[in-house]
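See below for work01.pdb, which holds PDB, C-alpha atoms.
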```pdb
MODEL        1
ATOM      1  CA  MET A   1     132.623  48.996 136.378
ATOM      2  CA  ALA A   2     134.337  48.829 139.783
ATOM      3  CA  MET A   3     131.960  49.514 142.602
ATOM      4  CA  THR A   4     132.238  49.731 146.329
ATOM      5  CA  VAL A   5     129.396  49.254 148.738
ATOM      6  CA  LEU A   6     128.089  52.556 150.031
ATOM      7  CA  ARG A   7     127.320  53.005 153.692
ATOM      8  CA  ARG A   8     124.394  55.215 152.807
ATOM      9  CA  ARG A   9     122.438  54.271 149.718
ATOM     10  CA  MET A  10     121.044  56.874 147.368
ATOM     11  CA  ASN A  11     117.406  57.491 148.125
ATOM     12  CA  ALA A  12     116.423  57.512 144.456
ATOM     13  CA  GLN A  13     112.875  57.035 143.285
ATOM     14  CA  PHE A  14     112.282  55.207 139.976
ATOM     15  CA  HIS A  15     110.344  58.026 138.377
ATOM     16  CA  TYR A  16     109.486  57.220 134.753
ATOM     17  CA  THR A  17     110.504  55.150 131.735
ATOM     18  CA  GLY A  18     111.474  56.971 128.560
ATOM     19  CA  ILE A  19     111.346  55.267 125.195
ATOM     20  CA  ARG A  20     112.365  56.736 121.880
ATOM     21  CA  VAL A  21     109.800  56.837 119.082
ATOM     22  CA  LYS A  22     110.311  57.270 115.358
ATOM     23  CA  ASP A  23     106.790  58.511 114.580
ATOM     24  CA  LEU A  24     105.158  60.379 117.446
ATOM     25  CA  ASP A  25     101.615  60.145 116.061
ATOM     26  CA  ALA A  26     101.857  56.390 115.503
ATOM     27  CA  SER A  27     103.205  55.790 119.003
ATOM     28  CA  LEU A  28     100.637  58.100 120.586
ATOM     29  CA  ALA A  29      97.868  56.217 118.765
ATOM     30  CA  PHE A  30      99.203  52.893 120.018
ATOM     31  CA  TYR A  31      99.635  53.835 123.673
ATOM     32  CA  THR A  32      96.358  55.756 123.910
ATOM     33  CA  ASN A  33      94.039  53.811 121.573
ATOM     34  CA  VAL A  34      95.372  50.301 122.136
ATOM     35  CA  LEU A  35      96.614  50.446 125.734
ATOM     36  CA  GLY A  36      94.289  53.170 126.970
ATOM     37  CA  MET A  37      96.936  55.494 128.383
ATOM     38  CA  THR A  38      96.230  59.201 128.879
ATOM     39  CA  VAL A  39      98.426  62.120 127.847
ATOM     40  CA  ARG A  40      99.478  63.967 130.999
ATOM     41  CA  GLY A  41     101.890  66.448 129.492
ATOM     42  CA  ARG A  42     103.710  67.438 126.351
ATOM     43  CA  ALA A  43     106.735  69.652 125.932
ATOM     44  CA  THR A  44     109.142  70.700 123.231
ATOM     45  CA  ILE A  45     112.794  70.724 124.203
ATOM     46  CA  PRO A  46     114.588  73.376 122.140
ATOM     47  CA  GLU A  47     118.070  72.245 123.123
ATOM     48  CA  SER A  48     117.594  68.700 121.816
ATOM     49  CA  HIS A  49     115.129  69.617 119.038
ATOM     50  CA  GLY A  50     112.855  67.060 120.592
ATOM     51  CA  VAL A  51     109.340  66.542 121.857
ATOM     52  CA  VAL A  52     108.459  64.597 124.990
ATOM     53  CA  VAL A  53     104.983  63.313 125.778
ATOM     54  CA  ASP A  54     104.163  61.851 129.197
ATOM     55  CA  LEU A  55     101.552  59.110 129.305
ATOM     56  CA  VAL A  56      99.968  57.567 132.372
ATOM     57  CA  SER A  57      97.718  54.580 132.888
ATOM     58  CA  GLU A  58      95.044  54.020 135.489
ATOM     59  CA  GLY A  59      96.381  52.566 138.699
ATOM     60  CA  SER A  60      99.983  53.574 138.043
ATOM     61  CA  SER A  61     101.885  56.712 138.999
ATOM     62  CA  HIS A  62     104.831  55.765 136.763
ATOM     63  CA  PRO A  63     104.661  57.615 133.435
ATOM     64  CA  LEU A  64     105.827  56.334 130.095
ATOM     65  CA  GLU A  65     107.645  59.139 128.308
ATOM     66  CA  LEU A  66     107.731  59.152 124.524
ATOM     67  CA  ASN A  67     110.870  60.858 123.235
ATOM     68  CA  TYR A  68     110.748  62.118 119.665
ATOM     69  CA  TYR A  69     113.718  63.845 118.050
ATOM     70  CA  GLU A  70     113.180  66.025 115.006
ATOM     71  CA  PRO A  71     115.276  65.492 111.877
ATOM     72  CA  GLY A  72     118.526  67.344 112.412
ATOM     73  CA  SER A  73     118.532  66.839 116.169
ATOM     74  CA  ARG A  74     121.839  65.483 117.423
ATOM     75  CA  PHE A  75     119.802  62.667 119.019
ATOM     76  CA  ASP A  76     118.098  61.744 115.733
ATOM     77  CA  VAL A  77     120.464  58.827 115.148
ATOM     78  CA  PRO A  78     119.374  55.740 113.207
ATOM     79  CA  PHE A  79     116.856  53.756 115.240
ATOM     80  CA  THR A  80     117.781  50.224 116.221
ATOM     81  CA  ALA A  81     115.483  48.058 118.343
ATOM     82  CA  GLY A  82     118.292  46.946 120.643
ATOM     83  CA  GLU A  83     118.220  44.384 123.400
ATOM     84  CA  GLY A  84     118.567  46.774 126.317
ATOM     85  CA  LEU A  85     114.840  47.278 126.678
ATOM     86  CA  ASP A  86     113.498  43.773 127.159
ATOM     87  CA  HIS A  87     109.817  44.640 127.442
ATOM     88  CA  LEU A  88     107.222  46.984 128.940
ATOM     89  CA  ALA A  89     104.606  45.187 131.030
ATOM     90  CA  PHE A  90     100.937  46.095 131.382
ATOM     91  CA  ARG A  91      98.390  44.397 133.600
ATOM     92  CA  VAL A  92      94.809  44.095 132.387
ATOM     93  CA  PRO A  93      91.643  43.015 134.197
ATOM     94  CA  ASP A  94      90.636  40.472 131.523
ATOM     95  CA  LEU A  95      93.336  39.045 129.236
ATOM     96  CA  ASP A  96      91.073  37.571 126.564
ATOM     97  CA  ARG A  97      89.125  40.786 126.284
ATOM     98  CA  ALA A  98      92.335  42.815 126.102
ATOM     99  CA  ILE A  99      93.665  40.544 123.341
ATOM    100  CA  ALA A 100      90.490  41.037 121.323
ATOM    101  CA  GLU A 101      90.543  44.801 121.867
ATOM    102  CA  ALA A 102      94.181  45.063 120.851
ATOM    103  CA  ALA A 103      93.612  42.977 117.728
ATOM    104  CA  ALA A 104      90.612  45.121 116.775
ATOM    105  CA  ALA A 105      92.836  48.192 117.175
ATOM    106  CA  GLY A 106      95.452  46.772 114.814
ATOM    107  CA  ALA A 107      97.853  45.209 117.336
ATOM    108  CA  PRO A 108      97.460  41.432 117.233
ATOM    109  CA  VAL A 109      99.202  39.091 119.654
ATOM    110  CA  ALA A 110     102.718  38.310 118.416
ATOM    111  CA  HIS A 111     103.665  35.695 121.005
ATOM    112  CA  GLU A 112     101.832  33.804 123.739
ATOM    113  CA  VAL A 113     103.301  32.025 126.751
ATOM    114  CA  ARG A 114     101.444  29.439 128.787
ATOM    115  CA  THR A 115     102.738  27.795 131.917
ATOM    116  CA  PRO A 116     100.848  25.435 134.192
ATOM    117  CA  ARG A 117      99.888  28.363 136.417
ATOM    118  CA  SER A 118      99.784  31.412 134.216
ATOM    119  CA  ARG A 119      99.519  32.850 130.746
ATOM    120  CA  TRP A 120     100.661  36.078 129.163
ATOM    121  CA  VAL A 121     101.032  37.540 125.694
ATOM    122  CA  TYR A 122     103.213  39.977 123.800
ATOM    123  CA  LEU A 123     102.343  42.621 121.247
ATOM    124  CA  ARG A 124     104.724  44.846 119.285
ATOM    125  CA  ASP A 125     104.474  48.605 119.587
ATOM    126  CA  PRO A 126     105.008  50.710 116.427
ATOM    127  CA  ASN A 127     108.779  50.732 117.073
ATOM    128  CA  GLY A 128     109.048  47.001 117.597
ATOM    129  CA  ILE A 129     109.147  47.200 121.401
ATOM    130  CA  TRP A 130     107.674  44.117 123.103
ATOM    131  CA  ILE A 131     104.561  44.915 125.143
ATOM    132  CA  GLU A 132     103.576  42.266 127.681
ATOM    133  CA  LEU A 133      99.949  41.869 128.718
ATOM    134  CA  SER A 134      98.915  39.761 131.696
ATOM    135  CA  ALA A 135      95.880  39.591 133.938
TER     136      ALA A 135
ATOM    137  CA  MET B 136     100.225  49.769 111.786
ATOM    138  CA  ALA B 137      96.610  50.609 110.896
ATOM    139  CA  MET B 138      94.573  51.471 113.953
ATOM    140  CA  THR B 139      91.017  52.451 114.589
ATOM    141  CA  VAL B 140      89.763  54.330 117.607
ATOM    142  CA  LEU B 141      88.188  52.004 120.137
ATOM    143  CA  ARG B 142      84.919  52.928 121.763
ATOM    144  CA  ARG B 143      86.111  51.372 124.998
ATOM    145  CA  ARG B 144      89.785  51.709 125.806
ATOM    146  CA  MET B 145      91.731  48.917 127.401
ATOM    147  CA  ASN B 146      92.007  49.462 131.135
ATOM    148  CA  ALA B 147      95.677  48.487 131.216
ATOM    149  CA  GLN B 148      97.969  49.402 134.079
ATOM    150  CA  PHE B 149     101.633  50.163 133.300
ATOM    151  CA  HIS B 150     103.039  47.529 135.609
ATOM    152  CA  TYR B 151     106.828  47.307 135.331
ATOM    153  CA  THR B 152     109.780  47.993 133.063
ATOM    154  CA  GLY B 153     111.963  45.065 132.030
ATOM    155  CA  ILE B 154     115.507  45.592 130.856
ATOM    156  CA  ARG B 155     117.895  42.945 129.633
ATOM    157  CA  VAL B 156     121.237  42.574 131.400
ATOM    158  CA  LYS B 157     124.422  40.857 130.238
ATOM    159  CA  ASP B 158     125.921  40.335 133.690
ATOM    160  CA  LEU B 159     123.331  39.932 136.448
ATOM    161  CA  ASP B 160     125.747  40.568 139.315
ATOM    162  CA  ALA B 161     127.088  43.758 137.760
ATOM    163  CA  SER B 162     123.604  45.104 137.106
ATOM    164  CA  LEU B 163     122.385  44.123 140.579
ATOM    165  CA  ALA B 164     125.364  45.936 142.101
ATOM    166  CA  PHE B 165     124.590  49.053 140.094
ATOM    167  CA  TYR B 166     120.875  49.251 140.827
ATOM    168  CA  THR B 167     121.211  48.373 144.509
ATOM    169  CA  ASN B 168     124.533  49.978 145.482
ATOM    170  CA  VAL B 169     124.441  53.046 143.263
ATOM    171  CA  LEU B 170     120.715  53.747 142.975
ATOM    172  CA  GLY B 171     119.651  52.214 146.270
ATOM    173  CA  MET B 172     116.971  49.891 144.901
ATOM    174  CA  THR B 173     115.847  46.822 146.842
ATOM    175  CA  VAL B 174     115.411  43.277 145.517
ATOM    176  CA  ARG B 175     111.741  42.348 145.858
ATOM    177  CA  GLY B 176     111.782  39.015 144.107
ATOM    178  CA  ARG B 177     113.884  36.650 142.045
ATOM    179  CA  ALA B 178     112.793  33.745 139.869
ATOM    180  CA  THR B 179     114.289  31.360 137.374
ATOM    181  CA  ILE B 180     112.270  30.765 134.236
ATOM    182  CA  PRO B 181     112.969  27.245 132.977
ATOM    183  CA  GLU B 182     111.268  27.759 129.640
ATOM    184  CA  SER B 183     113.478  30.691 128.646
ATOM    185  CA  HIS B 184     116.575  29.559 130.584
ATOM    186  CA  GLY B 185     116.457  32.935 132.210
ATOM    187  CA  VAL B 186     116.493  34.671 135.558
ATOM    188  CA  VAL B 187     114.358  37.666 136.449
ATOM    189  CA  VAL B 188     115.000  39.934 139.414
ATOM    190  CA  ASP B 189     112.466  42.568 140.463
ATOM    191  CA  LEU B 190     113.824  45.732 142.020
ATOM    192  CA  VAL B 191     111.858  48.512 143.668
ATOM    193  CA  SER B 192     112.793  51.955 144.906
ATOM    194  CA  GLU B 193     111.359  53.939 147.771
ATOM    195  CA  GLY B 194     108.354  55.980 146.786
ATOM    196  CA  SER B 195     107.594  53.973 143.646
ATOM    197  CA  SER B 196     105.385  50.954 143.122
ATOM    198  CA  HIS B 197     106.754  50.403 139.605
ATOM    199  CA  PRO B 198     109.420  47.687 139.603
ATOM    200  CA  LEU B 199     112.443  47.511 137.373
ATOM    201  CA  GLU B 200     112.844  43.922 136.189
ATOM    202  CA  LEU B 201     116.311  42.686 135.263
ATOM    203  CA  ASN B 202     116.117  39.948 132.631
ATOM    204  CA  TYR B 203     119.134  37.691 132.349
ATOM    205  CA  TYR B 204     119.298  34.866 129.805
ATOM    206  CA  GLU B 205     121.736  32.027 130.316
ATOM    207  CA  PRO B 206     124.106  31.023 127.509
ATOM    208  CA  GLY B 207     122.174  28.707 125.231
ATOM    209  CA  SER B 208     118.828  30.370 125.903
ATOM    210  CA  ARG B 209     116.991  31.199 122.704
ATOM    211  CA  PHE B 210     116.818  34.779 124.019
ATOM    212  CA  ASP B 211     120.584  34.991 124.562
ATOM    213  CA  VAL B 212     121.106  36.920 121.324
ATOM    214  CA  PRO B 213     123.939  39.400 120.907
ATOM    215  CA  PHE B 214     123.352  42.465 123.054
ATOM    216  CA  THR B 215     123.025  45.788 121.290
ATOM    217  CA  ALA B 216     122.287  49.010 123.184
ATOM    218  CA  GLY B 217     119.537  50.094 120.784
ATOM    219  CA  GLU B 218     117.678  53.355 120.624
ATOM    220  CA  GLY B 219     114.295  52.000 121.727
ATOM    221  CA  LEU B 220     114.978  52.552 125.401
ATOM    222  CA  ASP B 221     115.792  56.238 125.622
ATOM    223  CA  HIS B 222     116.456  56.412 129.357
ATOM    224  CA  LEU B 223     115.317  55.375 132.830
ATOM    225  CA  ALA B 224     114.627  58.310 135.141
ATOM    226  CA  PHE B 225     115.211  58.484 138.882
ATOM    227  CA  ARG B 226     114.364  61.367 141.188
ATOM    228  CA  VAL B 227     116.660  62.128 144.101
ATOM    229  CA  PRO B 228     116.233  64.453 147.071
ATOM    230  CA  ASP B 229     119.614  66.178 146.576
ATOM    231  CA  LEU B 230     121.222  66.109 143.132
ATOM    232  CA  ASP B 231     124.731  67.163 144.146
ATOM    233  CA  ARG B 232     124.819  64.596 146.911
ATOM    234  CA  ALA B 233     123.527  61.897 144.558
ATOM    235  CA  ILE B 234     126.181  62.773 141.978
ATOM    236  CA  ALA B 235     128.904  62.454 144.615
ATOM    237  CA  GLU B 236     127.500  59.166 145.892
ATOM    238  CA  ALA B 237     127.246  57.716 142.388
ATOM    239  CA  ALA B 238     130.788  58.764 141.538
ATOM    240  CA  ALA B 239     132.078  57.229 144.777
ATOM    241  CA  ALA B 240     130.292  54.008 143.817
ATOM    242  CA  GLY B 241     131.983  53.910 140.425
ATOM    243  CA  ALA B 242     129.318  55.569 138.284
ATOM    244  CA  PRO B 243     130.425  59.099 137.398
ATOM    245  CA  VAL B 244     128.217  61.580 135.593
ATOM    246  CA  ALA B 245     128.457  61.053 131.832
ATOM    247  CA  HIS B 246     126.411  64.050 130.707
ATOM    248  CA  GLU B 247     124.921  67.083 132.399
ATOM    249  CA  VAL B 248     122.112  69.321 131.167
ATOM    250  CA  ARG B 249     121.442  72.809 132.501
ATOM    251  CA  THR B 250     118.563  75.004 131.489
ATOM    252  CA  PRO B 251     117.604  78.358 132.992
ATOM    253  CA  ARG B 252     115.149  76.613 135.292
ATOM    254  CA  SER B 253     116.475  73.120 135.892
ATOM    255  CA  ARG B 254     119.417  70.755 135.811
ATOM    256  CA  TRP B 255     119.743  67.014 135.428
ATOM    257  CA  VAL B 256     122.472  64.485 134.772
ATOM    258  CA  TYR B 257     122.953  61.127 133.118
ATOM    259  CA  LEU B 258     124.934  58.091 134.192
ATOM    260  CA  ARG B 259     125.473  54.874 132.262
ATOM    261  CA  ASP B 260     124.378  51.581 133.759
ATOM    262  CA  PRO B 261     126.625  48.512 133.233
ATOM    263  CA  ASN B 262     124.862  47.792 129.924
ATOM    264  CA  GLY B 263     125.175  51.318 128.593
ATOM    265  CA  ILE B 264     121.608  52.316 129.424
ATOM    266  CA  TRP B 265     121.228  56.027 130.183
ATOM    267  CA  ILE B 266     120.121  56.707 133.764
ATOM    268  CA  GLU B 267     118.730  60.172 134.400
ATOM    269  CA  LEU B 268     118.983  61.746 137.848
ATOM    270  CA  SER B 269     117.075  64.872 138.780
ATOM    271  CA  ALA B 270     115.948  66.484 142.010
TER     272      ALA B 270
ENDMDL
END
```
Show this structure as structure tokens.
Amino acid sequence: MAMTVLRRRMNAQFHYTGIRVKDLDASLAFYTNVLGMTVRGRATIPESHGVVVDLVSEGSSHPLELNYYEPGSRFDVPFTAGEGLDHLAFRVPDLDRAIAEAAAAGAPVAHEVRTPRSRWVYLRDPNGIWIELSA
Amino acid sequence: MAMTVLRRRMNAQFHYTGIRVKDLDASLAFYTNVLGMTVRGRATIPESHGVVVDLVSEGSSHPLELNYYEPGSRFDVPFTAGEGLDHLAFRVPDLDRAIAEAAAAGAPVAHEVRTPRSRWVYLRDPNGIWIELSA
């Protein structure tokens, strides 16, 4: 993609992150029960035969939007867990407690990273998306 | 994934969104020159042979993290633009002006949606990720 430097840069605000979900109930259960997010809004989109649900977490004004497409929607293409979305990161007040809570809710730690100065873990959401937890 | 309702929900804060990029310079040019984001931090991660760059936009405290993995990194797997990341959304003060600025910077509108009450457009980032712009 050829690009030139603009004199005036677009004053765009990073507004929300939209992920696609295969099973809306399963993803809603994960993001609300495991990660403690709250449903802020829900809408059906007739033109795409889809449903969008906006979730927010405490301390963040950036919603996570779940995008579900009904069978027959032109966006209901086979789901592949591609590499474009590397991970979604969540910060928790107490990592060990969060790990225990997530495991009790059915989402055990899938990978743990320790460095001399820090430590963080990854879970998988119901679609295979990596969820990073750190304190 | 079997899940039970927790009595106490995890107090997790949605902290940032991490996308993987194939060409760090190309993605940096897109998110800074086209979308006007600012580099807040950059780090090399020896253990993953990777580089992470944190970008922020005005009016948002939620960073976009670009994740680049050097050849030979165990995370340098073939890139596929999967369906898990539906889109990244940016809000602009003036949609027509933003469309013109993006096109001048080499990122033309790829898809436009009009409803009776609203209008929004999509661009593609250098990795094929859908970028939504709305006013």
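Using all atoms listed in the file, the nearest neighbour of Leu28 (chain A) within the list A:Asp125, A:Ala98, A:Ser48, A:Phe75 is A:Asp125.
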Using the chain letters and numbers from the file, which residues does the PyMOL selection byres ((chain A and resi 35-43) around 9) grab, as a VMD selection string?
(chain A and resid 28 30 to 34 44 to 45 50 to 58 63 90 98 102) or (chain B and resid 143 to 149)
With all atoms listed in the file as the basis for distance, which of A:Leu133, A:Leu95, A:Leu66, A:Leu85 is at the shortest distance from Val21 (chain A)?
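Ranking A:Leu133, A:Leu95, A:Leu66, A:Leu85 by distance to Val21 (chain A), first place goes to A:Leu66.
Proximity to Arg259 (chain B) was assessed for B:His222, B:Ser208, B:Tyr203, B:Pro228 counting only C-alpha atoms; the smallest distance is recorded for B:His222.
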CA of Glu247 (chain B) to CA of Ser162 (chain B), distance in Å rounded to a single decimal:
22.5 Å
CA of Glu132 (chain A) and CA of Ala107 (chain A), how far apart in Å?
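Separation between CA of Ala107 (chain A) and CA of Glu132 (chain A): 12.2 Å.
Taking CA of Thr80 (chain A) as the reference point, CA of Pro213 (chain B) is found at 13.3 Å.
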Counting only C-alpha atoms, figure out which residue out of A:Leu64, A:Ala105, A:Pro46, A:Asp25 gets nearest to chain B.
A:Ala105
Identify, on the basis of only C-alpha atoms, every residue whose closest approach to Leu258 (chain B) does not exceed 7 Å; exclude the query and any residue fewer than 6 positions from it along the same chain; express the result as a list in words.
Ala242, Pro243, Val244, Ala245, Trp265, Ile266 and Glu267 of chain B
Go through B:Pro251, B:Pro261, B:Asp231, B:Gly207 one by one, measure the shortest atom-to-atom distance of each to chain A using all atoms listed in the file, and give the residue with the smallest value.
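Closest to chain A of all the choices is B:Pro261.
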